[in-house]
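Asks: Just query-v9.tsv, nothing more (TSV, C-alpha atoms and all ligand atoms):
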chain	number	residue	atom	x	y	z
A	1	MET	CA	54.13	193.58	113.08
A	2	ARG	CA	53.14	194.37	109.53
A	3	VAL	CA	55.53	193.39	106.81
A	4	PRO	CA	55.03	194.91	103.34
A	5	VAL	CA	53.59	192.34	100.91
A	6	ALA	CA	56.24	193.11	98.31
A	7	LEU	CA	58.97	192.30	100.81
A	8	VAL	CA	57.34	188.97	101.67
A	9	ALA	CA	56.94	188.17	97.98
A	10	SER	CA	60.57	188.97	97.20
A	11	PHE	CA	61.66	186.85	100.16
A	12	PHE	CA	59.82	183.82	98.78
A	13	LEU	CA	61.01	184.53	95.25
A	14	SER	CA	64.59	184.56	96.42
A	15	ILE	CA	64.03	181.27	98.26
A	16	GLN	CA	62.59	179.81	95.06
A	17	ALA	CA	65.47	181.13	92.93
A	18	GLN	CA	67.90	179.35	95.21
A	19	GLN	CA	66.20	176.01	94.65
A	20	GLU	CA	68.60	173.57	93.07
A	21	TRP	CA	67.37	172.08	89.79
A	22	THR	CA	66.86	168.32	89.72
A	23	TYR	CA	65.22	165.80	87.43
A	24	SER	CA	62.70	164.42	89.88
A	25	GLY	CA	63.22	166.23	93.16
A	26	PRO	CA	63.58	167.32	95.86
A	27	GLY	CA	64.25	170.73	94.33
A	28	LEU	CA	63.20	172.38	91.08
A	29	VAL	CA	61.88	169.35	89.14
A	30	GLU	CA	62.21	169.05	85.37
A	31	SER	CA	58.66	170.17	84.57
A	32	ASP	CA	59.25	173.34	86.62
A	33	TRP	CA	62.60	174.33	85.07
A	34	PRO	CA	60.94	177.01	82.86
A	35	LYS	CA	59.71	178.80	85.99
A	36	ASP	CA	63.25	179.75	87.01
A	37	TYR	CA	64.92	179.28	83.63
A	38	PRO	CA	62.57	180.60	80.89
A	39	ASP	CA	64.70	179.23	78.03
A	40	CYS	CA	63.82	175.69	79.19
A	41	GLY	CA	60.31	176.36	77.88
A	42	GLY	CA	61.55	177.45	74.42
A	43	GLN	CA	60.83	176.06	70.97
A	44	LYS	CA	64.31	174.73	70.16
A	45	GLN	CA	65.04	172.52	73.15
A	46	SER	CA	67.17	169.41	73.52
A	47	PRO	CA	67.29	166.45	73.68
A	48	ILE	CA	65.02	165.22	70.88
A	49	ASN	CA	63.90	161.94	69.40
A	50	LEU	CA	65.82	161.47	66.15
A	51	GLN	CA	63.23	160.04	63.81
A	52	ALA	CA	64.73	158.36	60.76
A	53	ARG	CA	61.81	159.23	58.48
A	54	LEU	CA	62.11	162.94	59.31
A	55	VAL	CA	65.90	163.19	58.96
A	56	ARG	CA	67.16	164.96	55.85
A	57	PHE	CA	70.18	163.36	54.19
A	58	ASN	CA	72.64	166.09	53.27
A	59	ARG	CA	75.50	164.66	51.22
A	60	SER	CA	77.43	167.94	51.39
A	61	LEU	CA	77.98	167.62	55.15
A	62	LYS	CA	81.60	166.66	55.70
A	63	PRO	CA	82.81	164.56	58.66
A	64	LEU	CA	83.86	166.56	61.71
A	65	THR	CA	87.56	167.21	61.93
A	66	LEU	CA	88.81	166.26	65.39
A	67	LYS	CA	92.06	167.79	66.55
A	68	GLY	CA	94.03	167.43	69.78
A	69	TYR	CA	91.97	164.55	71.18
A	70	GLU	CA	94.56	161.92	70.35
A	71	ASP	CA	97.10	163.26	72.85
A	72	ASP	CA	97.59	160.57	75.49
A	73	ASN	CA	100.09	162.20	77.82
A	74	LEU	CA	97.55	164.51	79.41
A	75	GLU	CA	95.94	164.48	82.83
A	76	PHE	CA	92.33	165.46	83.36
A	77	SER	CA	90.43	166.46	86.44
A	78	MET	CA	87.15	164.63	86.96
A	79	THR	CA	84.59	165.86	89.44
A	80	ASN	CA	81.20	164.97	90.87
A	81	ASN	CA	79.29	168.25	90.44
A	82	GLY	CA	76.16	166.97	92.14
A	83	HIS	CA	74.37	166.45	88.82
A	84	THR	CA	76.80	164.19	86.97
A	85	VAL	CA	80.43	163.21	86.51
A	86	GLN	CA	82.34	165.87	84.61
A	87	ILE	CA	85.80	165.80	83.06
A	88	ALA	CA	87.54	169.09	82.22
A	89	LEU	CA	88.96	169.21	78.68
A	90	PRO	CA	91.65	171.60	77.39
A	91	PRO	CA	90.87	174.14	74.61
A	92	THR	CA	93.57	172.49	72.48
A	93	MET	CA	90.98	169.81	71.78
A	94	GLN	CA	88.77	171.06	69.00
A	95	ILE	CA	86.30	170.10	66.30
A	96	THR	CA	85.82	171.78	62.95
A	97	ASP	CA	82.38	171.42	61.42
A	98	SER	CA	81.41	171.14	57.78
A	99	GLU	CA	81.21	174.93	57.45
A	100	GLY	CA	84.73	175.41	58.82
A	101	THR	CA	83.69	176.72	62.25
A	102	VAL	CA	86.15	175.70	64.95
A	103	PHE	CA	84.79	174.79	68.38
A	104	ARG	CA	87.08	174.32	71.38
A	105	ALA	CA	86.44	171.73	74.10
A	106	ILE	CA	85.62	172.72	77.66
A	107	GLN	CA	84.28	169.59	79.37
A	108	MET	CA	82.61	166.24	78.92
A	109	HIS	CA	80.02	164.58	81.14
A	110	LEU	CA	77.66	161.64	81.19
A	111	HIS	CA	73.92	160.97	81.40
A	112	TRP	CA	72.70	157.61	82.65
A	113	GLY	CA	69.67	155.76	83.96
A	114	GLY	CA	69.65	152.89	86.42
A	115	GLY	CA	66.57	153.88	88.37
A	116	PHE	CA	65.04	150.45	87.95
A	117	PHE	CA	66.47	147.24	86.69
A	118	GLU	CA	68.25	147.92	83.37
A	119	LEU	CA	66.52	151.24	82.77
A	120	SER	CA	68.36	153.19	80.09
A	121	GLY	CA	69.43	156.81	80.43
A	122	SER	CA	70.54	158.41	77.18
A	123	GLU	CA	69.03	161.81	76.40
A	124	HIS	CA	68.63	161.56	72.63
A	125	THR	CA	66.58	158.65	71.38
A	126	ILE	CA	66.67	157.19	67.87
A	127	ASP	CA	63.26	156.15	66.56
A	128	GLY	CA	62.07	156.17	70.14
A	129	ILE	CA	64.79	153.87	71.45
A	130	ARG	CA	66.73	155.13	74.47
A	131	ARG	CA	70.30	153.91	74.73
A	132	VAL	CA	71.98	153.05	78.04
A	133	ILE	CA	74.31	156.05	78.48
A	134	GLU	CA	75.03	159.28	76.62
A	135	ALA	CA	78.29	161.23	76.79
A	136	HIS	CA	78.35	164.95	75.95
A	137	PHE	CA	81.52	166.64	74.77
A	138	VAL	CA	80.83	170.36	75.22
A	139	HIS	CA	82.59	172.93	73.00
A	140	PHE	CA	82.47	176.67	72.47
A	141	ASN	CA	82.88	178.64	69.26
A	142	SER	CA	86.55	179.63	68.91
A	143	LYS	CA	85.61	183.08	67.67
A	144	TYR	CA	84.86	183.84	71.33
A	145	GLY	CA	87.71	184.02	73.81
A	146	SER	CA	86.26	181.69	76.41
A	147	TYR	CA	83.34	179.48	77.29
A	148	ASP	CA	81.95	182.20	79.54
A	149	GLU	CA	81.98	184.64	76.64
A	150	ALA	CA	80.42	182.15	74.22
A	151	ARG	CA	77.75	180.66	76.47
A	152	ASN	CA	75.20	183.42	75.81
A	153	GLN	CA	75.93	183.94	72.11
A	154	SER	CA	73.51	182.54	69.55
A	155	ASP	CA	76.29	180.63	67.79
A	156	GLY	CA	78.24	179.98	70.98
A	157	LEU	CA	78.20	176.25	71.61
A	158	ALA	CA	78.52	172.83	70.01
A	159	VAL	CA	78.04	169.50	71.74
A	160	VAL	CA	79.13	166.13	70.38
A	161	ALA	CA	76.93	163.32	71.72
A	162	VAL	CA	78.03	159.71	71.98
A	163	LEU	CA	75.44	157.01	72.64
A	164	MET	CA	76.46	153.88	74.54
A	165	GLU	CA	75.10	150.38	74.64
A	166	ILE	CA	75.81	147.26	76.68
A	167	ASP	CA	77.96	144.48	75.30
A	168	GLU	CA	77.38	142.05	78.18
A	169	TYR	CA	80.90	140.93	79.26
A	170	ALA	CA	83.19	142.98	77.01
A	171	GLU	CA	85.00	145.49	79.21
A	172	ASN	CA	85.74	148.65	77.24
A	173	THR	CA	89.22	149.38	78.51
A	174	ASN	CA	89.14	152.87	76.97
A	175	TYR	CA	86.61	153.77	79.67
A	176	SER	CA	88.30	151.83	82.51
A	177	PRO	CA	90.29	154.85	83.83
A	178	ILE	CA	86.99	156.71	84.31
A	179	ILE	CA	85.08	153.79	85.82
A	180	SER	CA	87.88	152.90	88.25
A	181	GLU	CA	88.08	156.46	89.60
A	182	LEU	CA	84.37	156.81	90.34
A	183	LEU	CA	84.72	155.65	93.93
A	184	ASN	CA	87.03	158.61	94.58
A	185	ILE	CA	84.33	161.10	93.60
A	186	GLN	CA	81.31	159.49	95.17
A	187	TYR	CA	80.27	162.71	96.89
A	188	PRO	CA	79.53	166.12	95.32
A	189	GLY	CA	82.53	168.42	95.17
A	190	GLU	CA	85.07	165.61	95.16
A	191	ILE	CA	87.73	165.79	92.46
A	192	THR	CA	90.13	163.20	91.13
A	193	THR	CA	92.77	163.10	88.39
A	194	LEU	CA	92.57	160.85	85.36
A	195	THR	CA	95.79	159.58	83.87
A	196	ASN	CA	96.45	157.01	81.16
A	197	ILE	CA	93.38	158.01	79.26
A	198	ASN	CA	92.99	158.93	75.62
A	199	ILE	CA	89.93	161.08	75.01
A	200	GLN	CA	89.77	160.20	71.31
A	201	ASP	CA	89.31	156.55	72.28
A	202	LEU	CA	86.11	157.51	74.12
A	203	PHE	CA	84.52	158.23	70.74
A	204	PRO	CA	82.93	155.41	68.71
A	205	GLY	CA	84.93	153.70	65.96
A	206	ASP	CA	83.06	155.59	63.24
A	207	THR	CA	83.18	159.33	63.78
A	208	ARG	CA	82.37	160.15	60.15
A	209	HIS	CA	78.61	159.80	60.34
A	210	TYR	CA	76.42	162.02	62.46
A	211	PHE	CA	73.03	163.64	62.93
A	212	VAL	CA	73.14	167.44	63.26
A	213	TYR	CA	70.51	169.93	64.45
A	214	LYS	CA	70.13	173.20	66.35
A	215	GLY	CA	69.07	172.85	69.97
A	216	SER	CA	69.83	173.78	73.54
A	217	LEU	CA	71.67	172.79	76.67
A	218	THR	CA	69.75	169.87	78.20
A	219	THR	CA	70.11	171.24	81.74
A	220	PRO	CA	69.24	174.69	83.11
A	221	PRO	CA	69.62	177.37	81.85
A	222	CYS	CA	68.71	175.40	78.64
A	223	THR	CA	70.21	178.14	76.43
A	224	GLU	CA	69.17	177.66	72.78
A	225	ASN	CA	72.57	178.11	71.22
A	226	VAL	CA	73.88	174.59	70.77
A	227	LYS	CA	74.80	172.95	67.48
A	228	TRP	CA	74.29	169.26	68.22
A	229	PHE	CA	76.27	166.47	66.58
A	230	VAL	CA	75.05	162.99	67.52
A	231	PHE	CA	77.32	160.25	66.21
A	232	GLN	CA	75.46	157.48	64.43
A	233	ASP	CA	77.86	154.80	65.70
A	234	SER	CA	77.75	153.89	69.39
A	235	VAL	CA	80.23	152.88	72.10
A	236	LYS	CA	79.88	149.56	73.92
A	237	LEU	CA	80.49	149.09	77.64
A	238	SER	CA	80.23	145.92	79.68
A	239	LYS	CA	77.26	145.45	81.95
A	240	ALA	CA	79.57	145.62	84.97
A	241	GLN	CA	80.93	149.00	83.84
A	242	VAL	CA	77.43	150.38	83.33
A	243	LEU	CA	76.25	149.13	86.73
A	244	LYS	CA	79.24	150.73	88.44
A	245	LEU	CA	78.54	154.09	86.80
A	246	GLU	CA	74.86	153.89	87.67
A	247	ASN	CA	75.37	152.99	91.32
A	248	THR	CA	78.38	154.92	92.61
A	249	ILE	CA	77.78	158.65	92.28
A	250	LYS	CA	75.70	160.48	94.90
A	251	ASN	CA	73.92	163.83	94.88
A	252	LYS	CA	73.82	166.51	97.60
A	253	ASN	CA	71.08	164.63	99.43
A	254	ASN	CA	73.34	161.59	99.65
A	255	GLU	CA	71.12	159.70	97.21
A	256	THR	CA	72.59	157.67	94.37
A	257	LEU	CA	72.27	159.61	91.09
A	258	HIS	CA	69.84	157.69	88.90
A	259	ASN	CA	68.01	158.65	85.71
A	260	ILE	CA	69.93	161.85	85.10
A	261	TYR	CA	68.47	162.58	81.70
A	262	ARG	CA	65.91	165.05	80.40
A	263	GLN	CA	62.78	163.94	78.55
A	264	THR	CA	62.87	164.44	74.77
A	265	GLN	CA	61.55	167.81	73.63
A	266	PRO	CA	59.30	168.73	70.66
A	267	LEU	CA	61.10	169.13	67.33
A	268	ASN	CA	58.75	171.97	66.32
A	269	GLN	CA	59.90	173.62	63.07
A	270	ARG	CA	63.41	172.22	63.15
A	271	VAL	CA	64.96	169.85	60.63
A	272	VAL	CA	67.51	167.23	61.63
A	273	GLU	CA	70.13	166.50	58.99
A	274	ALA	CA	72.47	163.54	58.66
A	275	ASN	CA	75.50	162.96	56.47
A	276	PHE	CA	74.47	159.36	55.82
A	277	PRO	CA	71.25	158.06	54.24
A	278	GLN	CA	68.50	156.94	56.57
A	279	PHE	CA	67.27	153.43	56.32
A	280	THR	CA	64.28	152.52	58.36
A	281	ASP	CA	64.14	148.83	57.45
A	282	LYS	CA	64.89	146.71	60.52
A	283	CYS	CA	67.25	144.46	58.49
A	284	ASN	CA	70.40	143.77	60.48
A	285	SER	CA	70.27	147.16	62.13
A	286	GLN	CA	71.00	145.40	65.42
A	287	HIS	CA	74.41	144.43	64.08
A	288	HIS	CA	75.30	147.05	61.50
A	289	PRO	CA	75.21	150.81	61.32
A	290	LEU	CA	72.12	151.88	59.39
A	291	HIS	CA	74.04	152.83	56.27
A	292	CYS	CA	75.64	149.37	56.09
A	293	CYS	CA	72.17	147.96	56.29
A	294	PHE	CA	71.30	149.98	53.23
A	295	CYS	CA	74.34	148.55	51.45
A	296	LEU	CA	73.42	145.01	52.44
A	297	ARG	CA	69.92	145.39	51.09
A	298	TRP	CA	71.23	146.88	47.88
A	299	ILE	CA	73.54	143.91	47.42
A	300	SER	CA	70.92	141.36	48.41
A	301	HIS	CA	68.71	142.72	45.65
A	302	GLY	CA	71.31	141.46	43.20
A	303	ASN	CA	72.93	144.76	42.30
A	304	GLY	CA	76.54	144.27	41.26
A	305	ILE	CA	78.76	145.88	43.84
A	306	SER	CA	81.74	146.67	41.62
A	307	LYS	CA	79.82	149.05	39.36
A	308	MET	CA	77.96	150.62	42.24
A	309	ARG	CA	80.89	150.94	44.61
A	310	GLY	CA	81.57	154.59	43.80
A	311	SER	CA	78.00	155.72	44.38
A	312	LEU	CA	77.58	153.56	47.47
A	313	LEU	CA	80.72	155.11	48.95
A	314	GLN	CA	79.25	158.53	48.24
A	315	LEU	CA	76.14	157.50	50.16
A	316	GLY	CA	78.29	156.71	53.18
A	317	CYS	CA	78.48	152.92	52.74
A	318	THR	CA	81.51	151.25	54.19
A	319	PHE	CA	82.80	147.91	53.03
A	320	THR	CA	84.02	145.37	55.49
A	321	ASN	CA	85.08	141.85	54.57
A	322	SER	CA	81.58	140.59	55.18
A	323	LEU	CA	80.11	143.13	52.81
A	324	SER	CA	82.56	143.18	49.94
B	1	ZN	ZN	74.69	166.74	78.95
Take the structure in the file and give it back as structure tokens.
Replies:
Amino acid sequence: MRVPVALVASFFLSIQAQQEWTYSGPGLVESDWPKDYPDCGGQKQSPINLQARLVRFNRSLKPLTLKGYEDDNLEFSMTNNGHTVQIALPPTMQITDSEGTVFRAIQMHLHWGGGFFELSGSEHTIDGIRRVIEAHFVHFNSKYGSYDEARNQSDGLAVVAVLMEIDEYAENTNYSPIISELLNIQYPGEITTLTNINIQDLFPGDTRHYFVYKGSLTTPPCTENVKWFVFQDSVKLSKAQVLKLENTIKNKNNETLHNIYRQTQPLNQRVVEANFPQFTDKCNSQHHPLHCCFCLRWISHGNGISKMRGSLLQLGCTFTNSLS
């Protein structure tokens, strides 16, 4: 029997189109995403490496205004979608950016590593350093009626990224409701309900200072319509909490989900801005946010703090007891 070539070709194309995307297989592996999802091969992709020396300090960028996140009487559904753990968020949660654009929340999810001993899994890196976990709070522009309407618009989406690090034994109880429910959503498609959780408490202590740039979704279809806000401050989880996240959730092949992050993408012509000054000196940056480091160095050079306080505050310096 002779089968027309075009029919055979379309049969194989449809097989290929049905391939599920993955990071490292089996399925459509990361390097092949552009074959089925052309945007993944674009020039404004995410995540990126945030390089301090290339970041432009923009003092006119105001802190994000967060609204509706503080509500702690809400319940949230959390699901294993086969790629990550995802928590649905209500549109009453919203951020307003420095330009006054309001973005409504739709969901949050996590990226982690864990493929080998202590391998980190954040998507964005800062000066080449990958953090342990990265949370993404996905929002859509409120000028569109829904996420589905906004997802293909050039100004449709905003994602707030939170980087996480390990603080050996210190359990972060803000994250305990999520961690303790993981066993109930081990397998793809399983859903559980989170109670006694405050979403605002999942953010780092300092939500004033952020990096901002224009990028894309970090998973297919990689649409290039995301305004990214990466908080400078990070969240700390205990090692036990991180290990539980890394070793509980399974994919559709019944394998534990490890290393669910995309490689960093070229910056190309883009400029990353920050609303705090960059400081590349290594001084104390292990223990202080970068801008505090700047303040410390300023003070250690013998500059009187009282006279300078106003301008240091403008630069984003904060003054704790140890600094003042
Ligand atoms: Zn993500």
Asks: Select the residues contacting ligand ZN 1 (chain B) at a distance of at most 9 Å, based on all atoms listed in the file, then format the selection as a list in words.
Replies: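 Protein and nucleic-acid residues within 9 Å of ligand ZN 1 (chain B): Thr84, Met108, His109, Leu110, His111, Glu123, Glu134, Ala135, His136, Phe137, Val138, Val159, Ala161, Leu217, Thr218, Thr219 and Tyr261 of chain A.
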Asks: Measuring between all atoms listed in the file, which one of A:Lys227, A:Lys239, A:Lys214, A:Arg262 shows the shortest distance to Pro47 in chain A?
Replies: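 So, comparing all the options, the nearest one is A:Arg262.
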Asks: Ranking A:Thr101, A:Asn174, A:Gln269, A:Asn73 by minimum distance to Thr195 in chain A and counting all atoms listed in the file, which one comes first?
Replies: A:Asn73
Asks: Which distance in Å separates CA of Arg59 in chain A and CA of Asn275 in chain A, to one decimal?
Replies: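 Value for the CA of Arg59 in chain A-CA of Asn275 in chain A distance: 5.5 Å.
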Asks: Excluding Gly27 in chain A and residues on its chain fewer than 2 positions from it, collect all residues at most 12 Å away from it, counting only C-alpha atoms, and give them as a list of chain:residue names.
Replies: A:Ile15, A:Gln16, A:Ala17, A:Gln18, A:Gln19, A:Glu20, A:Trp21, A:Thr22, A:Tyr23, A:Ser24, A:Gly25, A:Val29, A:Glu30, A:Ser31, A:Asp32, A:Trp33, A:Asp36, A:Asn251, A:Lys252, A:Asn253
Asks: Let me see the file: selected residues, C-alpha atoms, as a tab-separated table (two decimals), in the coordinates of the input.
Replies:
chain	number	residue	atom	x	y	z
A	15	ILE	CA	64.03	181.27	98.26
A	16	GLN	CA	62.59	179.81	95.06
A	17	ALA	CA	65.47	181.13	92.93
A	18	GLN	CA	67.90	179.35	95.21
A	19	GLN	CA	66.20	176.01	94.65
A	20	GLU	CA	68.60	173.57	93.07
A	21	TRP	CA	67.37	172.08	89.79
A	22	THR	CA	66.86	168.32	89.72
A	23	TYR	CA	65.22	165.80	87.43
A	24	SER	CA	62.70	164.42	89.88
A	25	GLY	CA	63.22	166.23	93.16
A	29	VAL	CA	61.88	169.35	89.14
A	30	GLU	CA	62.21	169.05	85.37
A	31	SER	CA	58.66	170.17	84.57
A	32	ASP	CA	59.25	173.34	86.62
A	33	TRP	CA	62.60	174.33	85.07
A	36	ASP	CA	63.25	179.75	87.01
A	251	ASN	CA	73.92	163.83	94.88
A	252	LYS	CA	73.82	166.51	97.60
A	253	ASN	CA	71.08	164.63	99.43
Asks: Hey, which of A:Ile260, A:Ile133, A:Leu119, A:Ile249 ends up closest to Gly189 in chain A? Count all atoms listed in the file.
Replies: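 Looking at the shortest contact to Gly189 in chain A, the residue is A:Ile249.
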Asks: When you count all atoms listed in the file, which of these residues is closest to Ile197 in chain A: A:Ile185, A:Leu74, A:Leu66, A:Ile129?
Replies: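 Answer, going by the shortest atom-to-atom distance: A:Leu74.
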Asks: Scan for residues within 8 Å of the point (87.0, 151.4, 75.4) in the coordinates of the file, using all atoms listed in the file, and reply as number ranges by chain.
Replies: A: 171-176, 201-202, 235-237
Asks: Edge lengths and centre in Å to one decimal, as AutoDock Vina command-line options, of the axis-aligned box that encloses all listed atoms of range 234-242 of chain A with 8 Å added on every side?
Replies:
--center_x 79.1 --center_y 149.7 --center_z 77.2 --size_x 19.7 --size_y 24.4 --size_z 31.6
Asks: When you draw a straight line from CA of Ile48 in chain A to CA of Val226 in chain A, how long is it in Å?
Replies: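 So the two atoms, CA of Ile48 in chain A and CA of Val226 in chain A, lie 12.9 Å apart.
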Asks: I need the residue nearest Asp97 in chain A from this list: A:Val212, A:Val162, A:Ile179, A:Val132. Use only C-alpha atoms for the distance.
Replies: A:Val212
Asks: Tell me which of A:Leu194, A:Val102, A:Leu64, A:Leu182 sits closest to Leu157 in chain A, counting all atoms listed in the file.
Replies: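 Among A:Leu194, A:Val102, A:Leu64, A:Leu182, it is A:Val102 that comes nearest to Leu157 in chain A.
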Asks: Between CA of Gly42 in chain A and CA of Pro220 in chain A, what is the distance, to one decimal in Å?
Replies: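 Going from CA of Gly42 in chain A over to CA of Pro220 in chain A covers 11.9 Å.
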Asks: Please identify all polymer residues lying at most 12 Å from the point (85.0, 168.1, 85.0) (file coordinates), using only C-alpha atoms, and present the result as a ChimeraX atom specification.
Replies: /A:75-90,105-110,136-138,178,185,188-194
Asks: Could you list, as a tab-separated table (two decimals) with C-alpha atoms, keeping the file's coordinate frame, every residue within 12 Å of Ala150 in chain A, counting all atoms listed in the file and ignoring same-chain residues fewer than 2 positions away?
Replies:
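Dumped everything to around.tsv:
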chain	number	residue	atom	x	y	z
A	103	PHE	CA	84.79	174.79	68.38
A	104	ARG	CA	87.08	174.32	71.38
A	106	ILE	CA	85.62	172.72	77.66
A	138	VAL	CA	80.83	170.36	75.22
A	139	HIS	CA	82.59	172.93	73.00
A	140	PHE	CA	82.47	176.67	72.47
A	141	ASN	CA	82.88	178.64	69.26
A	142	SER	CA	86.55	179.63	68.91
A	143	LYS	CA	85.61	183.08	67.67
A	144	TYR	CA	84.86	183.84	71.33
A	145	GLY	CA	87.71	184.02	73.81
A	146	SER	CA	86.26	181.69	76.41
A	147	TYR	CA	83.34	179.48	77.29
A	148	ASP	CA	81.95	182.20	79.54
A	152	ASN	CA	75.20	183.42	75.81
A	153	GLN	CA	75.93	183.94	72.11
A	154	SER	CA	73.51	182.54	69.55
A	155	ASP	CA	76.29	180.63	67.79
A	156	GLY	CA	78.24	179.98	70.98
A	157	LEU	CA	78.20	176.25	71.61
A	158	ALA	CA	78.52	172.83	70.01
A	223	THR	CA	70.21	178.14	76.43
A	225	ASN	CA	72.57	178.11	71.22
A	226	VAL	CA	73.88	174.59	70.77
Asks: Compile the contact shell of Lys250 in chain A as a list in words: residues with an atom at most 6 Å away, counting all atoms listed in the file, same-chain residues fewer than 2 positions apart removed.
Replies: Gln186, Tyr187, Asn254, Glu255, Thr256 and Leu257 of chain A
Asks: I need range 61-81 of chain A written out with N, CA and C atoms, as an mmCIF file, in the first residue's frame; please produce it.
Replies:
data_model
loop_
_atom_site.group_PDB
_atom_site.id
_atom_site.type_symbol
_atom_site.label_atom_id
_atom_site.label_comp_id
_atom_site.auth_asym_id
_atom_site.auth_seq_id
_atom_site.Cartn_x
_atom_site.Cartn_y
_atom_site.Cartn_z
ATOM 1 N N LEU A 61 12.748 54.329 40.283
ATOM 2 C CA LEU A 61 11.890 53.141 40.405
ATOM 3 C C LEU A 61 11.384 53.011 41.837
ATOM 4 N N LYS A 62 10.066 53.068 41.982
ATOM 5 C CA LYS A 62 9.499 52.959 43.322
ATOM 6 C C LYS A 62 9.346 51.496 43.717
ATOM 7 N N PRO A 63 9.240 51.199 45.030
ATOM 8 C CA PRO A 63 8.975 49.813 45.438
ATOM 9 C C PRO A 63 7.639 49.355 44.861
ATOM 10 N N LEU A 64 7.490 48.055 44.665
ATOM 11 C CA LEU A 64 6.197 47.521 44.227
ATOM 12 C C LEU A 64 5.191 47.710 45.347
ATOM 13 N N THR A 65 3.957 48.016 44.969
ATOM 14 C CA THR A 65 2.899 48.040 45.969
ATOM 15 C C THR A 65 2.205 46.685 45.932
ATOM 16 N N LEU A 66 2.183 46.012 47.068
ATOM 17 C CA LEU A 66 1.554 44.686 47.152
ATOM 18 C C LEU A 66 0.216 44.843 47.852
ATOM 19 N N LYS A 67 -0.822 44.308 47.240
ATOM 20 C CA LYS A 67 -2.154 44.447 47.834
ATOM 21 C C LYS A 67 -2.856 43.091 47.868
ATOM 22 N N GLY A 68 -3.527 42.791 48.953
ATOM 23 C CA GLY A 68 -4.333 41.572 49.021
ATOM 24 C C GLY A 68 -3.574 40.324 49.440
ATOM 25 N N TYR A 69 -2.248 40.421 49.534
ATOM 26 C CA TYR A 69 -1.458 39.230 49.890
ATOM 27 C C TYR A 69 -1.500 38.923 51.383
ATOM 28 N N GLU A 70 -1.851 39.971 52.170
ATOM 29 C CA GLU A 70 -1.740 39.804 53.614
ATOM 30 C C GLU A 70 -2.901 39.008 54.211
ATOM 31 N N ASP A 71 -3.949 38.823 53.424
ATOM 32 C CA ASP A 71 -5.141 38.116 53.886
ATOM 33 C C ASP A 71 -4.788 36.701 54.361
ATOM 34 N N ASP A 72 -5.080 36.380 55.627
ATOM 35 C CA ASP A 72 -4.683 35.034 56.050
ATOM 36 C C ASP A 72 -5.861 34.131 56.388
ATOM 37 N N ASN A 73 -7.033 34.472 55.870
ATOM 38 C CA ASN A 73 -8.175 33.571 56.085
ATOM 39 C C ASN A 73 -8.554 32.827 54.815
ATOM 40 N N LEU A 74 -7.631 32.804 53.863
ATOM 41 C CA LEU A 74 -7.957 32.197 52.574
ATOM 42 C C LEU A 74 -7.459 30.758 52.494
ATOM 43 N N GLU A 75 -8.079 30.008 51.588
ATOM 44 C CA GLU A 75 -7.605 28.655 51.287
ATOM 45 C C GLU A 75 -7.099 28.665 49.851
ATOM 46 N N PHE A 76 -6.112 27.861 49.595
ATOM 47 C CA PHE A 76 -5.513 27.819 48.258
ATOM 48 C C PHE A 76 -5.384 26.379 47.789
ATOM 49 N N SER A 77 -5.662 26.149 46.526
ATOM 50 C CA SER A 77 -5.437 24.800 46.022
ATOM 51 C C SER A 77 -4.014 24.699 45.485
ATOM 52 N N MET A 78 -3.371 23.595 45.832
ATOM 53 C CA MET A 78 -1.989 23.355 45.400
ATOM 54 C C MET A 78 -1.981 22.041 44.630
ATOM 55 N N THR A 79 -1.338 22.061 43.475
ATOM 56 C CA THR A 79 -1.374 20.871 42.634
ATOM 57 C C THR A 79 0.023 20.504 42.129
ATOM 58 N N ASN A 80 0.197 19.237 41.839
ATOM 59 C CA ASN A 80 1.380 18.757 41.114
ATOM 60 C C ASN A 80 0.960 18.705 39.649
ATOM 61 N N ASN A 81 1.516 19.616 38.818
ATOM 62 C CA ASN A 81 1.090 19.651 37.409
ATOM 63 C C ASN A 81 2.030 18.860 36.501
#
